[in-house]
>>> print(open('work38.csv').read())   # CSV, C-alpha atoms
chain,number,residue,atom,x,y,z
A,1,MET,CA,47.0,9.5,99.5
A,2,ALA,CA,49.6,8.6,102.0
A,3,GLU,CA,53.2,9.9,101.8
A,4,LYS,CA,55.7,7.9,99.7
A,5,LYS,CA,57.3,5.1,101.6
A,6,SER,CA,60.3,2.8,100.9
A,7,MET,CA,61.2,-0.7,101.7
A,8,ALA,CA,64.6,-2.4,101.9
A,9,ILE,CA,64.9,-6.2,102.0
A,10,ILE,CA,67.8,-8.5,102.4
A,11,ALA,CA,67.1,-11.9,100.8
A,12,SER,CA,69.6,-14.4,102.2
A,13,GLN,CA,67.9,-17.7,101.5
A,14,GLY,CA,67.5,-19.5,98.2
A,15,SER,CA,65.3,-22.5,98.7
A,16,LEU,CA,61.9,-22.5,97.0
A,17,ASP,CA,59.9,-21.8,100.1
A,18,TRP,CA,62.2,-19.0,101.3
A,19,ALA,CA,62.3,-17.5,97.8
A,20,TYR,CA,58.6,-16.5,98.0
A,21,PRO,CA,58.5,-13.9,100.8
A,22,PRO,CA,61.0,-11.4,99.3
A,23,PHE,CA,59.4,-11.5,95.8
A,24,ILE,CA,55.8,-11.3,97.2
A,25,LEU,CA,56.6,-8.4,99.6
A,26,ALA,CA,58.7,-6.5,97.1
A,27,SER,CA,56.2,-6.7,94.3
A,28,THR,CA,53.2,-5.8,96.6
A,29,ALA,CA,55.1,-2.9,98.1
A,30,ALA,CA,55.9,-1.6,94.7
A,31,ALA,CA,52.3,-2.0,93.7
A,32,MET,CA,51.5,0.2,96.8
A,33,ASP,CA,53.7,2.9,95.3
A,34,MET,CA,56.8,2.2,97.6
A,35,ASP,CA,60.4,2.5,96.4
A,36,VAL,CA,61.7,-1.0,96.9
A,37,LYS,CA,65.2,-2.5,96.7
A,38,VAL,CA,66.2,-6.1,97.5
A,39,PHE,CA,69.7,-7.1,98.3
A,40,PHE,CA,70.4,-10.7,97.3
A,41,THR,CA,73.3,-12.2,99.3
A,42,PHE,CA,74.7,-15.6,100.1
A,43,TYR,CA,72.2,-18.3,99.2
A,44,GLY,CA,69.7,-15.7,98.1
A,45,LEU,CA,71.8,-14.6,95.2
A,46,PRO,CA,71.1,-17.6,92.9
A,47,LEU,CA,67.4,-16.3,92.8
A,48,LEU,CA,68.7,-13.6,90.4
A,49,LYS,CA,70.1,-16.1,87.9
A,50,LYS,CA,68.4,-16.2,84.5
A,51,LYS,CA,66.9,-19.6,85.3
A,52,ILE,CA,65.8,-20.2,88.9
A,53,LYS,CA,66.5,-23.8,90.2
A,54,ALA,CA,65.3,-23.4,93.8
A,55,LYS,CA,64.2,-26.5,95.7
A,56,VAL,CA,62.6,-27.2,99.0
A,57,SER,CA,64.5,-29.0,101.8
A,58,PRO,CA,62.0,-31.0,104.0
A,59,SER,CA,64.8,-32.4,106.2
A,60,SER,CA,65.9,-29.0,107.4
A,61,ASN,CA,62.3,-27.7,107.8
A,62,PRO,CA,60.7,-30.1,110.4
A,63,ALA,CA,57.4,-28.1,110.5
A,64,MET,CA,56.8,-28.4,106.7
A,65,PRO,CA,53.4,-30.1,106.1
A,66,MET,CA,54.0,-33.1,103.9
A,67,LYS,CA,50.8,-33.4,101.9
A,68,MET,CA,49.8,-34.8,98.5
A,69,PRO,CA,48.4,-32.3,95.9
A,70,PHE,CA,46.2,-34.9,94.2
A,71,GLY,CA,43.7,-37.6,95.0
A,72,PRO,CA,40.5,-37.5,97.1
A,73,LYS,CA,40.1,-34.7,99.7
A,74,PHE,CA,40.7,-37.0,102.7
A,75,PHE,CA,43.9,-38.2,101.1
A,76,GLN,CA,45.1,-34.6,100.4
A,77,GLY,CA,44.5,-33.9,104.1
A,78,ILE,CA,46.9,-36.4,105.3
A,79,ASP,CA,50.1,-35.0,106.8
A,80,TRP,CA,52.6,-37.8,106.0
A,81,PRO,CA,54.9,-38.5,108.9
A,82,ILE,CA,58.2,-38.7,107.0
A,83,PRO,CA,61.2,-39.3,109.3
A,84,ASN,CA,64.3,-37.2,108.8
A,85,VAL,CA,66.3,-40.4,108.1
A,86,VAL,CA,64.2,-40.7,104.9
A,87,SER,CA,63.9,-37.0,103.9
A,88,GLY,CA,67.6,-36.4,104.5
A,89,ASN,CA,69.0,-39.6,103.0
A,90,VAL,CA,66.8,-41.0,100.3
A,91,PRO,CA,68.3,-39.9,96.9
A,92,GLY,CA,65.9,-37.6,95.0
A,93,PHE,CA,63.7,-36.9,98.0
A,94,GLU,CA,64.1,-33.2,97.7
A,95,SER,CA,63.3,-33.2,94.0
A,96,VAL,CA,60.1,-35.2,94.6
A,97,ALA,CA,59.1,-32.8,97.5
A,98,THR,CA,59.9,-29.8,95.3
A,99,GLY,CA,57.7,-31.2,92.5
A,100,LEU,CA,54.9,-31.8,95.0
A,101,MET,CA,55.1,-28.3,96.4
A,102,LYS,CA,55.2,-26.7,93.0
A,103,LYS,CA,52.1,-28.7,92.1
A,104,THR,CA,50.4,-27.6,95.3
A,105,PHE,CA,51.2,-24.0,94.6
A,106,LYS,CA,49.8,-24.3,91.0
A,107,ASN,CA,46.6,-26.0,92.3
A,108,LYS,CA,46.1,-23.1,94.8
A,109,GLY,CA,46.6,-20.4,92.1
A,110,VAL,CA,49.9,-19.2,93.6
A,111,ALA,CA,52.2,-17.6,91.0
A,112,THR,CA,55.7,-19.2,90.3
A,113,ILE,CA,58.8,-17.5,91.6
A,114,THR,CA,59.7,-16.5,88.1
A,115,GLU,CA,56.3,-14.9,87.6
A,116,LEU,CA,56.6,-13.0,90.8
A,117,ARG,CA,60.2,-11.9,89.9
A,118,ASP,CA,58.9,-10.7,86.5
A,119,MET,CA,56.2,-8.7,88.3
A,120,CYS,CA,58.9,-7.1,90.5
A,121,GLU,CA,60.8,-6.0,87.5
A,122,GLN,CA,57.7,-4.7,85.8
A,123,LEU,CA,56.7,-2.7,88.9
A,124,GLY,CA,60.1,-1.1,89.3
A,125,VAL,CA,61.7,-3.1,92.1
A,126,GLU,CA,65.5,-2.8,92.1
A,127,PHE,CA,67.6,-5.9,92.6
A,128,ILE,CA,71.1,-5.7,94.0
A,129,GLY,CA,73.3,-8.7,93.7
A,130,CYS,CA,76.1,-9.2,96.2
A,131,GLN,CA,79.5,-8.9,94.6
A,132,MET,CA,81.3,-10.8,97.4
A,133,THR,CA,78.9,-13.7,97.1
A,134,MET,CA,79.5,-13.8,93.4
A,135,ASP,CA,83.3,-14.1,94.0
A,136,VAL,CA,82.9,-16.7,96.8
A,137,PHE,CA,80.7,-19.0,94.7
A,138,GLY,CA,82.3,-18.3,91.4
A,139,PHE,CA,79.3,-16.8,89.6
A,140,GLU,CA,79.7,-14.5,86.6
A,141,ARG,CA,77.9,-11.3,85.8
A,142,GLU,CA,76.3,-12.9,82.8
A,143,ASP,CA,74.7,-15.6,85.0
A,144,PHE,CA,72.3,-13.0,86.2
A,145,LEU,CA,69.4,-10.9,84.9
A,146,ASP,CA,70.5,-7.8,83.0
A,147,CYS,CA,68.5,-5.6,85.4
A,148,VAL,CA,70.6,-6.6,88.4
A,149,ASN,CA,72.9,-4.0,89.9
A,150,ILE,CA,76.0,-5.6,91.4
A,151,GLY,CA,77.1,-4.0,94.7
A,152,GLY,CA,78.0,-4.6,98.3
A,153,ALA,CA,76.8,-3.9,101.8
A,154,ALA,CA,77.3,-0.1,101.5
A,155,THR,CA,75.3,0.1,98.3
A,156,PHE,CA,72.4,-1.5,100.1
A,157,LEU,CA,72.8,0.3,103.4
A,158,GLU,CA,72.9,3.7,101.7
A,159,PHE,CA,69.3,3.1,100.6
A,160,ALA,CA,68.2,1.1,103.7
A,161,ALA,CA,69.3,4.0,106.0
A,162,ASP,CA,66.4,6.0,104.9
A,163,ALA,CA,63.9,3.2,104.2
A,164,ASP,CA,60.7,3.1,106.2
A,165,ILE,CA,60.6,-0.7,106.3
A,166,GLN,CA,63.7,-3.0,106.5
A,167,LEU,CA,63.4,-6.7,106.4
A,168,PHE,CA,66.0,-9.5,106.7
A,169,ILE,CA,64.7,-12.7,105.1
B,1,MET,CA,24.4,-1.5,89.6
B,2,THR,CA,27.6,0.5,89.7
B,3,GLU,CA,28.9,1.8,86.3
B,4,TYR,CA,32.5,1.1,85.5
B,5,GLN,CA,34.9,1.9,82.8
B,6,GLY,CA,37.4,-1.0,83.2
B,7,GLU,CA,37.3,-4.6,84.4
B,8,ILE,CA,39.8,-7.2,85.4
B,9,ASP,CA,39.1,-10.8,86.3
B,10,CYS,CA,41.5,-12.2,88.9
B,11,SER,CA,39.6,-15.5,89.4
B,12,GLY,CA,41.8,-18.4,90.5
B,13,MET,CA,44.7,-16.2,91.4
B,14,ASN,CA,46.2,-16.2,94.9
B,15,CYS,CA,48.0,-13.6,96.9
B,16,PRO,CA,49.6,-11.3,95.8
B,17,MET,CA,48.6,-11.6,92.1
B,18,PRO,CA,45.1,-10.0,92.4
B,19,VAL,CA,46.5,-6.8,93.8
B,20,LEU,CA,49.4,-6.7,91.3
B,21,LYS,CA,47.2,-7.3,88.3
B,22,THR,CA,44.7,-4.7,89.6
B,23,LYS,CA,47.5,-2.2,90.0
B,24,LEU,CA,48.7,-2.7,86.5
B,25,LYS,CA,45.2,-2.4,85.1
B,26,MET,CA,44.6,0.7,87.1
B,27,ASP,CA,47.7,2.3,85.6
B,28,THR,CA,46.0,2.2,82.2
B,29,MET,CA,43.0,4.1,83.5
B,30,ASP,CA,42.2,7.8,84.1
B,31,ALA,CA,41.6,9.5,87.4
B,32,GLY,CA,38.0,9.3,88.5
B,33,GLN,CA,37.3,6.2,86.4
B,34,ILE,CA,36.0,3.1,88.1
B,35,LEU,CA,37.5,-0.4,87.8
B,36,ARG,CA,35.5,-3.5,88.4
B,37,VAL,CA,37.7,-6.3,90.0
B,38,VAL,CA,36.6,-9.9,90.2
B,39,ALA,CA,38.5,-12.3,92.5
B,40,THR,CA,38.1,-15.7,94.2
B,41,ASP,CA,40.9,-15.3,96.8
B,42,PRO,CA,39.2,-14.6,100.2
B,43,GLY,CA,42.4,-12.7,101.1
B,44,ALA,CA,41.5,-10.1,98.6
B,45,CYS,CA,38.6,-8.9,100.8
B,46,ASN,CA,41.1,-7.3,103.1
B,47,ASP,CA,44.0,-6.8,100.6
B,48,MET,CA,42.0,-4.9,98.0
B,49,PRO,CA,40.8,-2.1,100.4
B,50,ALA,CA,44.2,-1.9,102.0
B,51,TRP,CA,45.9,-1.5,98.6
B,52,ALA,CA,43.4,1.1,97.4
B,53,ASN,CA,43.6,3.1,100.6
B,54,ARG,CA,47.4,3.1,100.5
B,55,VAL,CA,47.7,4.4,97.0
B,56,GLY,CA,44.8,6.9,97.1
B,57,HIS,CA,42.1,5.1,95.3
B,58,THR,CA,38.5,4.8,96.7
B,59,LEU,CA,36.7,1.5,97.2
B,60,VAL,CA,33.3,2.5,96.0
B,61,SER,CA,31.6,-0.8,96.9
B,62,SER,CA,32.2,-4.5,97.2
B,63,GLY,CA,30.2,-7.6,97.5
B,64,GLU,CA,29.9,-11.3,96.7
B,65,GLU,CA,28.4,-13.0,93.6
B,66,GLY,CA,28.3,-16.7,94.3
B,67,ASP,CA,31.9,-17.7,95.0
B,68,ARG,CA,33.3,-14.5,93.6
B,69,PHE,CA,34.3,-11.3,95.3
B,70,ILE,CA,33.5,-8.1,93.4
B,71,PHE,CA,35.2,-4.7,94.0
B,72,TYR,CA,34.5,-1.3,92.4
B,73,ILE,CA,37.5,0.9,92.8
B,74,GLN,CA,37.7,4.5,91.7
B,75,LYS,CA,41.0,5.8,90.6
B,76,GLY,CA,42.4,8.7,92.7
B,77,GLU,CA,44.1,11.8,91.4
>>> encode(input="work38.csv", output="structure tokens")
Amino acid sequence: MAEKKSMAIIASQGSLDWAYPPFILASTAAAMDMDVKVFFTFYGLPLLKKKIKAKVSPSSNPAMPMKMPFGPKFFQGIDWPIPNVVSGNVPGFESVATGLMKKTFKNKGVATITELRDMCEQLGVEFIGCQMTMDVFGFEREDFLDCVNIGGAATFLEFAADADIQLFI
Amino acid sequence: MTEYQGEIDCSGMNCPMPVLKTKLKMDTMDAGQILRVVATDPGACNDMPAWANRVGHTLVSSGEEGDRFIFYIQKGE
């Protein structure tokens, strides 16, 4: 058995696509017997709210494949050339894209963000919520999961200083 | 045929769920016991040995049955 390792992650983004990496890596590292703490700051902080409302933003991610999660195989293979003027301006486009991405994840057997977050909790991952971000965006302590520890940069860095792996996402 | 004392079916699950479910199942078993894991995620072929090696379990054997991947993992001390 290898010696006990630890991992410190900063989760700074809150869109649906960016929400996956911190929860996947944190839960897997915990399953590999590592001590894991994730510091949720700025746009990452809403991922600790009791209900996650993350969406994808195709207009700010030009490389995002735009594919349909239904229909015949050739149809699902089409990468639709949606111009930014459409993805950035058509009302409701993000909601539709979010729905399609969630459907794609489900079809492929990928867990939801909420499921992965639950796994993190079950496996002993510690979540740190950024106090300053709470103040800036007007969030209240009761908006967040009970398990969240509220703290600042020093709270996170005290742990990160001795962590074997440090990631900024 | 490898004998086993526990079994978990991770069919249809994608990364990282097969590893997470296997870890939780393994927690309920005793050292030396063998867990049979069934998965359909091709990524599990690399992930399952990597996980087992990291946490001190032993991959006794692995193989394919149709479109399923089978792993026999012995729990470490």
>>> atom_distance(input="work38.csv", atom1="CA of Glu77 (chain B)", atom2="CA of Ala26 (chain A)")
24.1 Å
>>> interface_residues(input="work38.csv", of="chain A", to="chain B", cutoff="7 Å", atoms="all atoms listed in the file", output="PDB file with C-alpha atoms, keeping the file's coordinate frame")
ATOM      1  CA  MET A   1      47.000   9.500  99.500  1.00  0.00           C
ATOM      2  CA  ALA A   2      49.600   8.600 102.000  1.00  0.00           C
ATOM      3  CA  ILE A  24      55.800 -11.300  97.200  1.00  0.00           C
ATOM      4  CA  THR A  28      53.200  -5.800  96.600  1.00  0.00           C
ATOM      5  CA  ALA A  31      52.300  -2.000  93.700  1.00  0.00           C
ATOM      6  CA  MET A  32      51.500   0.200  96.800  1.00  0.00           C
ATOM      7  CA  ASP A  33      53.700   2.900  95.300  1.00  0.00           C
ATOM      8  CA  LYS A 108      46.100 -23.100  94.800  1.00  0.00           C
ATOM      9  CA  GLY A 109      46.600 -20.400  92.100  1.00  0.00           C
ATOM     10  CA  VAL A 110      49.900 -19.200  93.600  1.00  0.00           C
TER      11      VAL A 110
END
>>> closest_residue(input="work38.csv", among="B:Pro18, B:Asn46, B:Thr58, B:Val37", to="Gly6 (chain B)", atoms="all atoms listed in the file")
B:Val37
>>> atom_distance(input="work38.csv", atom1="CA of Asp162 (chain A)", atom2="CA of Met119 (chain A)")
24.4 Å
>>> residues_near_point(input="work38.csv", point="(31.4, 9.1, 89.2)", cutoff="9 Å", atoms="all atoms listed in the file", output="ChimeraX atom specification")
/B:3-4,32-34,74
>>> atom_distance(input="work38.csv", atom1="CA of Ala97 (chain A)", atom2="CA of Gln13 (chain A)")
17.9 Å
>>> residues_near_point(input="work38.csv", point="(55.9, -30.2, 110.6)", cutoff="12 Å", atoms="only C-alpha atoms", output="short mmCIF file (atom, residue, chain, number, x, y, z; two decimals) with C-alpha atoms, in the frame of the given file")
data_model
loop_
_atom_site.label_atom_id
_atom_site.label_comp_id
_atom_site.auth_asym_id
_atom_site.auth_seq_id
_atom_site.Cartn_x
_atom_site.Cartn_y
_atom_site.Cartn_z
CA PRO A 58 62.00 -31.00 104.00
CA SER A 59 64.80 -32.40 106.20
CA SER A 60 65.90 -29.00 107.40
CA ASN A 61 62.30 -27.70 107.80
CA PRO A 62 60.70 -30.10 110.40
CA ALA A 63 57.40 -28.10 110.50
CA MET A 64 56.80 -28.40 106.70
CA PRO A 65 53.40 -30.10 106.10
CA MET A 66 54.00 -33.10 103.90
CA LYS A 67 50.80 -33.40 101.90
CA ASP A 79 50.10 -35.00 106.80
CA TRP A 80 52.60 -37.80 106.00
CA PRO A 81 54.90 -38.50 108.90
CA ILE A 82 58.20 -38.70 107.00
CA PRO A 83 61.20 -39.30 109.30
CA ASN A 84 64.30 -37.20 108.80
#
>>> closest_residue(input="work38.csv", among="A:Phe42, A:Phe23, A:Phe93, A:Phe105", to="Phe139 (chain A)", atoms="all atoms listed in the file")
A:Phe42
>>> closest_residue(input="work38.csv", among="B:Gly43, B:Val38, B:Asp27, B:Met48", to="Phe69 (chain B)", atoms="all atoms listed in the file")
B:Val38
